[in-house]
Amino acid sequence: MIVDLTRCQGYGQCAFLAPEVFAMRGEEALVYDPDADDAQREHVLRAAAACPVQAIHVEWMAIQRKGMRTAAARPPLGDDAFRKTGRIVIVGASLAGGRAAGVLRREGFTGTLTVIGGEPYEPYDRPPLSKQVLAGRVPADHTLLPHLSEIEAEWLSGAPATGLDVVAKRVTLADGREVPFDRLLIATGARARPWPNEAEATLDGVFALRTMDEAIRLRECLAARPRRVLVIGAGFTGSEVASVCRELDVPVTVVERGPAPLVGALGGVIGAVAADLQRAHGVDLRCEVTVEALEGDADGRFRSARLSDGTTVEADVAIVALGAIRNVEWLEDSGLAAGVWGVACDAGCRAFDINGLVTDDVFVAGDVARFPHPVYGYQFMALEHWGNAVAQAEIAAHNMLSDQMHRWPHLSLPIFWSNQFGTNIKSVGVPTFADEVAIVHGSVAERRFVAVYGNRGRVTAAVTFDQAMWLEHYQHLIEQAAPFPPASHAADRREPVIPVPAEMPDRIEATQVTVVVTGHDPAERRASLVRGDR
């Protein structure tokens, strides 16, 4: 079972009909067991049928596979011979890769399908790791994506890709194997950014949180009741971990170099609300401070951290939540336009090479993809959101089987959610693209409101705190380039709508890439990357 939390609006019908599977934390924050006991099946099916927004999907991938029965009746949209005998390789066995595999089979691809994954597990869902799993409500193995094993494919697990030859059309694995392909989907995602001091990062009690193994070990530490947990970084992962610590009544200190939590994603105005929310729940939040060193005892166990303001935090567990690094190292000599922001591709998910030319047989989807979005001035974006991974994987899979006339653009607006301290935070659009923000519904003091973002007089994003039912309305306004500030006729709005500066941090530019152009004749001119010092 999968619940599309980008659609869920917190009505709670599921929690009423299947209380052993679904639960509401606060007013709208839904948590659930993705792999409920078979005894709960009828209750879950009733809940799925009753959900007003149809966000619950039972046997998610199995349903997609059943769709193959009707796919053959569709008129072919591309090379019919390729659909029957082609070879497709997907590098990345997580949400995007698994979703793409299901869509390929649903759309009638009966050729050879190979999925390569670096971890030894079946593909699993990551958002529950920092929520249900860490809190101990569900075991980690309940996050496995349902029924992926039923998709007819060769699953190569535990052997990550280490190289790509675009000309010879083969992927090299860490164990030396080479996997040939006709078309390739890159969905290698991202990994947690480690603590920069390697010796300090290996102290017992220092964790990142991105994989199932990390979630299992961290859950064991929290269950042992540490005297205090230190969270380094107050983005969404760090804030969710702090929320779980307080739910378990574990003391927690959060250290954030910015002026407030979530500032990098939502700006200073909403970040200040998030800061109040954390402190109201007992978090020792320290902003505009950095951790200078992690210190251990003689046995190599983490014991304290020295901060830039001269203070020391004594703790037994440190969680490094400093963002993510996109998994592109294996593409270094591939000739693709891959760098710290991911693999560049067009709106149809086709990868660019280093000359800026679009490739015909290499596609990209998920966290590792960097793509232009027309709504935001065709700026290239790399998004680490569940909904984006699903939507982009579907587009990529469809386009891999389609001719030029029938390919689709990836135009979905990014939507993400976070459950923190009993509050359901959701966003649609790109808040960082804005210069102003206005509260248009509800009350900031009550931490139940809708904030709408604008750029140059147009609506560009919206963020809700326990007001998810408004998200679809503002998604439509963004897509229609509606004027900002929007008109508000909400009965719960007691104050006039007054835009204020969104207080977005300075935009971080990508690491400078040095490119040289060689050749004189147009047929010979080529670009190449210069690596290292020169």
# chains A, B, ... in the order shown; residues from 1 in each chain; ligands from 1

call {"tool": "closest_atom_pairs", "arguments": {"of": "stretch 79-165 of chain A", "to": "stretch 364-387 of chain A", "cutoff": "8 Å", "atoms": "only C-alpha atoms", "output": "tab-separated table"}}
result
residue	atom	partner	partner_atom	distance
A:Leu95	CA	A:Trp386	CA	7.9
A:Ala96	CA	A:Gly366	CA	5.5
A:Gly97	CA	A:Ala365	CA	7.9
A:Pro127	CA	A:Trp386	CA	7.9

call {"tool": "residues_around", "arguments": {"residues": "A:Gly348", "least_positions_apart": "3", "cutoff": "10 Å", "atoms": "only C-alpha atoms", "output": "ChimeraX atom specification"}}
result
/A:345,351,363-365,371-372,392,395-396,398-400,404,407-411

call {"tool": "atom_distance", "arguments": {"atom1": "atom CA of A:Ala318", "atom2": "atom CA of A:Val31"}}
result
25.0 Å

call {"tool": "select_by_dssp", "arguments": {"residues": "stretch 73-116 of chain A", "states": "strand (DSSP E)", "output": "PyMOL selection string"}}
result
chain A and resi 87-91+112-116

call {"tool": "select_by_dssp", "arguments": {"residues": "stretch 236-410 of chain A", "states": "alpha helix (DSSP H)", "output": "MDAnalysis selection string"}}
result
chainID A and resid 236:247 263:280 386:400

call {"tool": "write_last_selection", "arguments": {"atoms": "N, CA and C atoms", "output": "compact mmCIF listing (two decimals), in the first residue's frame"}}
result
# COMPACT_ATOMS: atom_id res chain seq x y z
N PHE A 236 14.24 19.86 6.35
CA PHE A 236 13.08 19.00 6.61
C PHE A 236 13.48 17.71 7.33
N THR A 237 14.57 17.07 6.92
CA THR A 237 14.97 15.84 7.60
C THR A 237 15.34 16.11 9.04
N GLY A 238 16.16 17.13 9.28
CA GLY A 238 16.56 17.45 10.65
C GLY A 238 15.37 17.81 11.52
N SER A 239 14.43 18.57 10.97
CA SER A 239 13.26 18.97 11.74
C SER A 239 12.37 17.77 12.04
N GLU A 240 12.23 16.86 11.09
CA GLU A 240 11.42 15.66 11.34
C GLU A 240 12.06 14.77 12.39
N VAL A 241 13.38 14.65 12.37
CA VAL A 241 14.06 13.86 13.40
C VAL A 241 13.86 14.50 14.78
N ALA A 242 13.98 15.81 14.85
CA ALA A 242 13.75 16.50 16.12
C ALA A 242 12.32 16.27 16.61
N SER A 243 11.37 16.25 15.69
CA SER A 243 9.97 16.00 16.05
C SER A 243 9.81 14.62 16.66
N VAL A 244 10.43 13.60 16.05
CA VAL A 244 10.35 12.24 16.58
C VAL A 244 10.99 12.17 17.97
N CYS A 245 12.12 12.83 18.15
CA CYS A 245 12.77 12.83 19.47
C CYS A 245 11.83 13.38 20.54
N ARG A 246 11.14 14.46 20.24
CA ARG A 246 10.23 15.02 21.24
C ARG A 246 9.01 14.12 21.45
N GLU A 247 8.57 13.47 20.38
CA GLU A 247 7.46 12.52 20.51
C GLU A 247 7.85 11.38 21.46
N VAL A 263 14.51 27.68 6.40
CA VAL A 263 14.68 28.92 5.67
C VAL A 263 15.11 28.66 4.23
N GLY A 264 15.98 27.67 4.02
CA GLY A 264 16.47 27.39 2.68
C GLY A 264 15.38 26.99 1.72
N ALA A 265 14.28 26.41 2.23
CA ALA A 265 13.20 25.97 1.37
C ALA A 265 12.00 26.90 1.37
N LEU A 266 11.71 27.54 2.52
CA LEU A 266 10.48 28.31 2.66
C LEU A 266 10.70 29.79 2.95
N GLY A 267 11.94 30.21 3.18
CA GLY A 267 12.20 31.62 3.47
C GLY A 267 12.10 31.94 4.95
N GLY A 268 12.54 33.14 5.29
CA GLY A 268 12.63 33.54 6.69
C GLY A 268 11.29 33.76 7.37
N VAL A 269 10.28 34.23 6.64
CA VAL A 269 8.97 34.50 7.26
C VAL A 269 8.36 33.22 7.80
N ILE A 270 8.30 32.18 6.97
CA ILE A 270 7.74 30.91 7.41
C ILE A 270 8.73 30.17 8.29
N GLY A 271 10.01 30.38 8.07
CA GLY A 271 11.01 29.77 8.94
C GLY A 271 10.85 30.20 10.39
N ALA A 272 10.46 31.46 10.60
CA ALA A 272 10.24 31.94 11.96
C ALA A 272 9.07 31.21 12.62
N VAL A 273 8.05 30.86 11.84
CA VAL A 273 6.92 30.08 12.37
C VAL A 273 7.41 28.68 12.76
N ALA A 274 8.25 28.08 11.90
CA ALA A 274 8.79 26.76 12.20
C ALA A 274 9.65 26.79 13.46
N ALA A 275 10.38 27.88 13.68
CA ALA A 275 11.20 28.00 14.88
C ALA A 275 10.32 28.04 16.13
N ASP A 276 9.25 28.82 16.08
CA ASP A 276 8.32 28.87 17.22
C ASP A 276 7.70 27.50 17.48
N LEU A 277 7.39 26.78 16.41
CA LEU A 277 6.79 25.46 16.54
C LEU A 277 7.75 24.51 17.27
N GLN A 278 9.02 24.54 16.90
CA GLN A 278 9.99 23.66 17.55
C GLN A 278 10.17 24.01 19.02
N ARG A 279 10.33 25.27 19.31
CA ARG A 279 10.55 25.67 20.71
C ARG A 279 9.32 25.39 21.57
N ALA A 280 8.12 25.52 20.96
CA ALA A 280 6.90 25.23 21.72
C ALA A 280 6.82 23.76 22.11
N TRP A 386 9.07 13.38 -3.30
CA TRP A 386 8.43 12.10 -3.63
C TRP A 386 7.56 12.25 -4.87
N GLY A 387 6.70 13.27 -4.88
CA GLY A 387 5.79 13.45 -6.00
C GLY A 387 6.51 13.70 -7.30
N ASN A 388 7.60 14.46 -7.26
CA ASN A 388 8.36 14.73 -8.48
C ASN A 388 8.99 13.46 -9.02
N ALA A 389 9.51 12.61 -8.13
CA ALA A 389 10.13 11.36 -8.57
C ALA A 389 9.12 10.47 -9.28
N VAL A 390 7.90 10.39 -8.73
CA VAL A 390 6.86 9.56 -9.34
C VAL A 390 6.45 10.13 -10.70
N ALA A 391 6.13 11.42 -10.73
CA ALA A 391 5.65 12.04 -11.96
C ALA A 391 6.70 12.01 -13.06
N GLN A 392 7.94 12.32 -12.70
CA GLN A 392 8.99 12.36 -13.72
C GLN A 392 9.31 10.96 -14.23
N ALA A 393 9.25 9.96 -13.36
CA ALA A 393 9.50 8.59 -13.80
C ALA A 393 8.44 8.14 -14.80
N GLU A 394 7.20 8.54 -14.58
CA GLU A 394 6.13 8.18 -15.52
C GLU A 394 6.36 8.84 -16.88
N ILE A 395 6.76 10.11 -16.86
CA ILE A 395 7.03 10.82 -18.12
C ILE A 395 8.20 10.17 -18.85
N ALA A 396 9.27 9.88 -18.12
CA ALA A 396 10.46 9.28 -18.75
C ALA A 396 10.12 7.93 -19.36
N ALA A 397 9.39 7.09 -18.62
CA ALA A 397 9.04 5.76 -19.14
C ALA A 397 8.19 5.86 -20.39
N HIS A 398 7.20 6.75 -20.36
CA HIS A 398 6.36 6.94 -21.55
C HIS A 398 7.19 7.40 -22.74
N ASN A 399 8.07 8.36 -22.53
CA ASN A 399 8.85 8.90 -23.64
C ASN A 399 9.87 7.92 -24.18
N MET A 400 10.33 6.98 -23.36
CA MET A 400 11.27 5.97 -23.83
C MET A 400 10.64 5.07 -24.88

call {"tool": "closest_residue", "arguments": {"among": "A:Thr432, A:Phe16, A:Ile186, A:Asp141", "to": "A:Gly342", "atoms": "only C-alpha atoms"}}
result
A:Ile186

call {"tool": "residues_around", "arguments": {"residues": "A:Ser308", "least_positions_apart": "5", "cutoff": "12 Å", "atoms": "only C-alpha atoms", "output": "list in words"}}
result
Val255, Glu256, Arg257, Arg286, Cys287, Glu288, Val289, Thr290, Val291, Glu292, Ala293, Leu294 and Val313 of chain A

call {"tool": "closest_residue", "arguments": {"among": "A:Val252, A:Ile2, A:Ile425, A:Val91", "to": "A:Pro226", "atoms": "only C-alpha atoms"}}
result
A:Val252

call {"tool": "residues_around", "arguments": {"residues": "A:Tyr453", "least_positions_apart": "4", "cutoff": "12 Å", "atoms": "only C-alpha atoms", "output": "ChimeraX atom specification"}}
result
/A:266-267,269-270,427-440,457-464,474-475,477-478,481-486,498-504

call {"tool": "residues_around", "arguments": {"residues": "A:Ala174", "least_positions_apart": "4", "cutoff": "9 Å", "atoms": "only C-alpha atoms", "output": "list in words"}}
result
Ala159, Pro160, Ala161, Thr162 and Gly163 of chain A

call {"tool": "closest_residue", "arguments": {"among": "A:Leu184, A:Val44, A:Leu248, A:Ala101", "to": "A:Leu134", "atoms": "only C-alpha atoms"}}
result
A:Leu248

call {"tool": "decode", "arguments": {"residues": "stretch 176-223 of chain A", "atoms": "N, CA and C atoms", "output": "PDB file, in the first residue's frame"}}
result
ATOM      1  N   GLY A 176      32.284  -5.746 -11.812  1.00  0.00           N
ATOM      2  CA  GLY A 176      32.930  -5.979 -13.095  1.00  0.00           C
ATOM      3  C   GLY A 176      31.993  -6.356 -14.227  1.00  0.00           C
ATOM      4  N   ARG A 177      30.768  -6.662 -13.925  1.00  0.00           N
ATOM      5  CA  ARG A 177      29.826  -7.023 -14.985  1.00  0.00           C
ATOM      6  C   ARG A 177      29.515  -5.817 -15.867  1.00  0.00           C
ATOM      7  N   GLU A 178      29.180  -6.084 -17.111  1.00  0.00           N
ATOM      8  CA  GLU A 178      28.743  -5.054 -18.042  1.00  0.00           C
ATOM      9  C   GLU A 178      27.337  -5.399 -18.524  1.00  0.00           C
ATOM     10  N   VAL A 179      26.451  -4.419 -18.454  1.00  0.00           N
ATOM     11  CA  VAL A 179      25.053  -4.641 -18.827  1.00  0.00           C
ATOM     12  C   VAL A 179      24.758  -3.810 -20.070  1.00  0.00           C
ATOM     13  N   PRO A 180      24.442  -4.450 -21.200  1.00  0.00           N
ATOM     14  CA  PRO A 180      24.149  -3.696 -22.433  1.00  0.00           C
ATOM     15  C   PRO A 180      22.723  -3.149 -22.411  1.00  0.00           C
ATOM     16  N   PHE A 181      22.494  -2.100 -23.192  1.00  0.00           N
ATOM     17  CA  PHE A 181      21.159  -1.516 -23.275  1.00  0.00           C
ATOM     18  C   PHE A 181      20.943  -0.907 -24.653  1.00  0.00           C
ATOM     19  N   ASP A 182      19.675  -0.733 -24.987  1.00  0.00           N
ATOM     20  CA  ASP A 182      19.293   0.073 -26.135  1.00  0.00           C
ATOM     21  C   ASP A 182      18.857   1.459 -25.677  1.00  0.00           C
ATOM     22  N   ARG A 183      18.129   1.496 -24.548  1.00  0.00           N
ATOM     23  CA  ARG A 183      17.755   2.758 -23.922  1.00  0.00           C
ATOM     24  C   ARG A 183      17.985   2.650 -22.423  1.00  0.00           C
ATOM     25  N   LEU A 184      18.361   3.768 -21.839  1.00  0.00           N
ATOM     26  CA  LEU A 184      18.798   3.778 -20.446  1.00  0.00           C
ATOM     27  C   LEU A 184      18.044   4.851 -19.673  1.00  0.00           C
ATOM     28  N   LEU A 185      17.631   4.524 -18.444  1.00  0.00           N
ATOM     29  CA  LEU A 185      17.059   5.513 -17.532  1.00  0.00           C
ATOM     30  C   LEU A 185      17.978   5.646 -16.333  1.00  0.00           C
ATOM     31  N   ILE A 186      18.454   6.869 -16.092  1.00  0.00           N
ATOM     32  CA  ILE A 186      19.299   7.163 -14.931  1.00  0.00           C
ATOM     33  C   ILE A 186      18.385   7.658 -13.811  1.00  0.00           C
ATOM     34  N   ALA A 187      18.329   6.893 -12.724  1.00  0.00           N
ATOM     35  CA  ALA A 187      17.488   7.251 -11.573  1.00  0.00           C
ATOM     36  C   ALA A 187      18.244   6.934 -10.282  1.00  0.00           C
ATOM     37  N   THR A 188      19.503   7.373 -10.226  1.00  0.00           N
ATOM     38  CA  THR A 188      20.374   7.000  -9.104  1.00  0.00           C
ATOM     39  C   THR A 188      20.171   7.852  -7.862  1.00  0.00           C
ATOM     40  N   GLY A 189      19.323   8.882  -7.935  1.00  0.00           N
ATOM     41  CA  GLY A 189      18.946   9.624  -6.732  1.00  0.00           C
ATOM     42  C   GLY A 189      20.091  10.356  -6.075  1.00  0.00           C
ATOM     43  N   ALA A 190      20.030  10.401  -4.754  1.00  0.00           N
ATOM     44  CA  ALA A 190      21.016  11.152  -3.965  1.00  0.00           C
ATOM     45  C   ALA A 190      21.301  10.397  -2.678  1.00  0.00           C
ATOM     46  N   ARG A 191      22.370  10.793  -2.011  1.00  0.00           N
ATOM     47  CA  ARG A 191      22.724  10.213  -0.715  1.00  0.00           C
ATOM     48  C   ARG A 191      22.918  11.336   0.287  1.00  0.00           C
ATOM     49  N   ALA A 192      22.907  10.994   1.549  1.00  0.00           N
ATOM     50  CA  ALA A 192      23.063  12.002   2.587  1.00  0.00           C
ATOM     51  C   ALA A 192      24.472  12.587   2.560  1.00  0.00           C
ATOM     52  N   ARG A 193      24.569  13.894   2.740  1.00  0.00           N
ATOM     53  CA  ARG A 193      25.873  14.545   2.813  1.00  0.00           C
ATOM     54  C   ARG A 193      26.528  14.184   4.144  1.00  0.00           C
ATOM     55  N   PRO A 194      27.727  13.609   4.137  1.00  0.00           N
ATOM     56  CA  PRO A 194      28.344  13.173   5.399  1.00  0.00           C
ATOM     57  C   PRO A 194      28.966  14.332   6.166  1.00  0.00           C
ATOM     58  N   TRP A 195      29.281  14.082   7.428  1.00  0.00           N
ATOM     59  CA  TRP A 195      30.025  15.054   8.214  1.00  0.00           C
ATOM     60  C   TRP A 195      31.406  15.200   7.592  1.00  0.00           C
ATOM     61  N   PRO A 196      31.909  16.428   7.401  1.00  0.00           N
ATOM     62  CA  PRO A 196      33.128  16.614   6.607  1.00  0.00           C
ATOM     63  C   PRO A 196      34.404  16.045   7.237  1.00  0.00           C
ATOM     64  N   ASN A 197      34.459  15.938   8.561  1.00  0.00           N
ATOM     65  CA  ASN A 197      35.641  15.371   9.215  1.00  0.00           C
ATOM     66  C   ASN A 197      35.447  13.861   9.310  1.00  0.00           C
ATOM     67  N   GLU A 198      36.221  13.121   8.542  1.00  0.00           N
ATOM     68  CA  GLU A 198      36.005  11.679   8.454  1.00  0.00           C
ATOM     69  C   GLU A 198      36.197  10.982   9.789  1.00  0.00           C
ATOM     70  N   ALA A 199      37.203  11.383  10.556  1.00  0.00           N
ATOM     71  CA  ALA A 199      37.443  10.746  11.852  1.00  0.00           C
ATOM     72  C   ALA A 199      36.273  10.993  12.799  1.00  0.00           C
ATOM     73  N   GLU A 200      35.742  12.213  12.797  1.00  0.00           N
ATOM     74  CA  GLU A 200      34.601  12.520  13.648  1.00  0.00           C
ATOM     75  C   GLU A 200      33.339  11.820  13.158  1.00  0.00           C
ATOM     76  N   ALA A 201      33.201  11.661  11.839  1.00  0.00           N
ATOM     77  CA  ALA A 201      32.015  11.024  11.276  1.00  0.00           C
ATOM     78  C   ALA A 201      31.912   9.554  11.647  1.00  0.00           C
ATOM     79  N   THR A 202      33.048   8.917  11.969  1.00  0.00           N
ATOM     80  CA  THR A 202      33.043   7.494  12.303  1.00  0.00           C
ATOM     81  C   THR A 202      32.856   7.233  13.792  1.00  0.00           C
ATOM     82  N   LEU A 203      32.697   8.269  14.609  1.00  0.00           N
ATOM     83  CA  LEU A 203      32.438   8.058  16.032  1.00  0.00           C
ATOM     84  C   LEU A 203      31.141   7.280  16.212  1.00  0.00           C
ATOM     85  N   ASP A 204      31.129   6.387  17.185  1.00  0.00           N
ATOM     86  CA  ASP A 204      29.924   5.632  17.497  1.00  0.00           C
ATOM     87  C   ASP A 204      28.860   6.590  18.022  1.00  0.00           C
ATOM     88  N   GLY A 205      27.721   6.629  17.350  1.00  0.00           N
ATOM     89  CA  GLY A 205      26.663   7.551  17.752  1.00  0.00           C
ATOM     90  C   GLY A 205      26.451   8.690  16.793  1.00  0.00           C
ATOM     91  N   VAL A 206      27.255   8.773  15.719  1.00  0.00           N
ATOM     92  CA  VAL A 206      27.094   9.804  14.692  1.00  0.00           C
ATOM     93  C   VAL A 206      26.421   9.158  13.482  1.00  0.00           C
ATOM     94  N   PHE A 207      25.309   9.729  13.045  1.00  0.00           N
ATOM     95  CA  PHE A 207      24.500   9.127  12.000  1.00  0.00           C
ATOM     96  C   PHE A 207      24.153  10.136  10.915  1.00  0.00           C
ATOM     97  N   ALA A 208      23.914   9.616   9.725  1.00  0.00           N
ATOM     98  CA  ALA A 208      23.130  10.301   8.704  1.00  0.00           C
ATOM     99  C   ALA A 208      21.813   9.537   8.618  1.00  0.00           C
ATOM    100  N   LEU A 209      20.854  10.053   7.845  1.00  0.00           N
ATOM    101  CA  LEU A 209      19.570   9.355   7.719  1.00  0.00           C
ATOM    102  C   LEU A 209      19.087   9.469   6.281  1.00  0.00           C
ATOM    103  N   ARG A 210      19.348   8.397   5.529  1.00  0.00           N
ATOM    104  CA  ARG A 210      18.879   8.345   4.148  1.00  0.00           C
ATOM    105  C   ARG A 210      18.476   6.926   3.753  1.00  0.00           C
ATOM    106  N   THR A 211      19.177   5.929   4.327  1.00  0.00           N
ATOM    107  CA  THR A 211      18.962   4.552   3.926  1.00  0.00           C
ATOM    108  C   THR A 211      18.231   3.768   5.006  1.00  0.00           C
ATOM    109  N   MET A 212      17.768   2.580   4.645  1.00  0.00           N
ATOM    110  CA  MET A 212      17.095   1.711   5.603  1.00  0.00           C
ATOM    111  C   MET A 212      18.040   1.308   6.725  1.00  0.00           C
ATOM    112  N   ASP A 213      19.281   0.971   6.394  1.00  0.00           N
ATOM    113  CA  ASP A 213      20.258   0.590   7.434  1.00  0.00           C
ATOM    114  C   ASP A 213      20.450   1.715   8.439  1.00  0.00           C
ATOM    115  N   GLU A 214      20.575   2.944   7.949  1.00  0.00           N
ATOM    116  CA  GLU A 214      20.764   4.082   8.853  1.00  0.00           C
ATOM    117  C   GLU A 214      19.550   4.280   9.750  1.00  0.00           C
ATOM    118  N   ALA A 215      18.369   4.108   9.192  1.00  0.00           N
ATOM    119  CA  ALA A 215      17.147   4.263   9.988  1.00  0.00           C
ATOM    120  C   ALA A 215      17.054   3.194  11.065  1.00  0.00           C
ATOM    121  N   ILE A 216      17.430   1.965  10.733  1.00  0.00           N
ATOM    122  CA  ILE A 216      17.375   0.876  11.716  1.00  0.00           C
ATOM    123  C   ILE A 216      18.327   1.143  12.870  1.00  0.00           C
ATOM    124  N   ARG A 217      19.554   1.539  12.565  1.00  0.00           N
ATOM    125  CA  ARG A 217      20.532   1.789  13.635  1.00  0.00           C
ATOM    126  C   ARG A 217      20.126   2.983  14.491  1.00  0.00           C
ATOM    127  N   LEU A 218      19.633   4.019  13.854  1.00  0.00           N
ATOM    128  CA  LEU A 218      19.236   5.207  14.604  1.00  0.00           C
ATOM    129  C   LEU A 218      18.027   4.905  15.485  1.00  0.00           C
ATOM    130  N   ARG A 219      17.080   4.118  14.976  1.00  0.00           N
ATOM    131  CA  ARG A 219      15.931   3.726  15.783  1.00  0.00           C
ATOM    132  C   ARG A 219      16.373   2.974  17.039  1.00  0.00           C
ATOM    133  N   GLU A 220      17.351   2.097  16.902  1.00  0.00           N
ATOM    134  CA  GLU A 220      17.862   1.354  18.059  1.00  0.00           C
ATOM    135  C   GLU A 220      18.470   2.295  19.095  1.00  0.00           C
ATOM    136  N   CYS A 221      19.176   3.310  18.626  1.00  0.00           N
ATOM    137  CA  CYS A 221      19.782   4.275  19.555  1.00  0.00           C
ATOM    138  C   CYS A 221      18.713   5.082  20.288  1.00  0.00           C
ATOM    139  N   LEU A 222      17.682   5.516  19.575  1.00  0.00           N
ATOM    140  CA  LEU A 222      16.630   6.301  20.213  1.00  0.00           C
ATOM    141  C   LEU A 222      15.846   5.448  21.211  1.00  0.00           C
ATOM    142  N   ALA A 223      15.635   4.159  20.873  1.00  0.00           N
ATOM    143  CA  ALA A 223      14.913   3.272  21.783  1.00  0.00           C
ATOM    144  C   ALA A 223      15.691   3.040  23.075  1.00  0.00           C
TER     145      ALA A 223
END
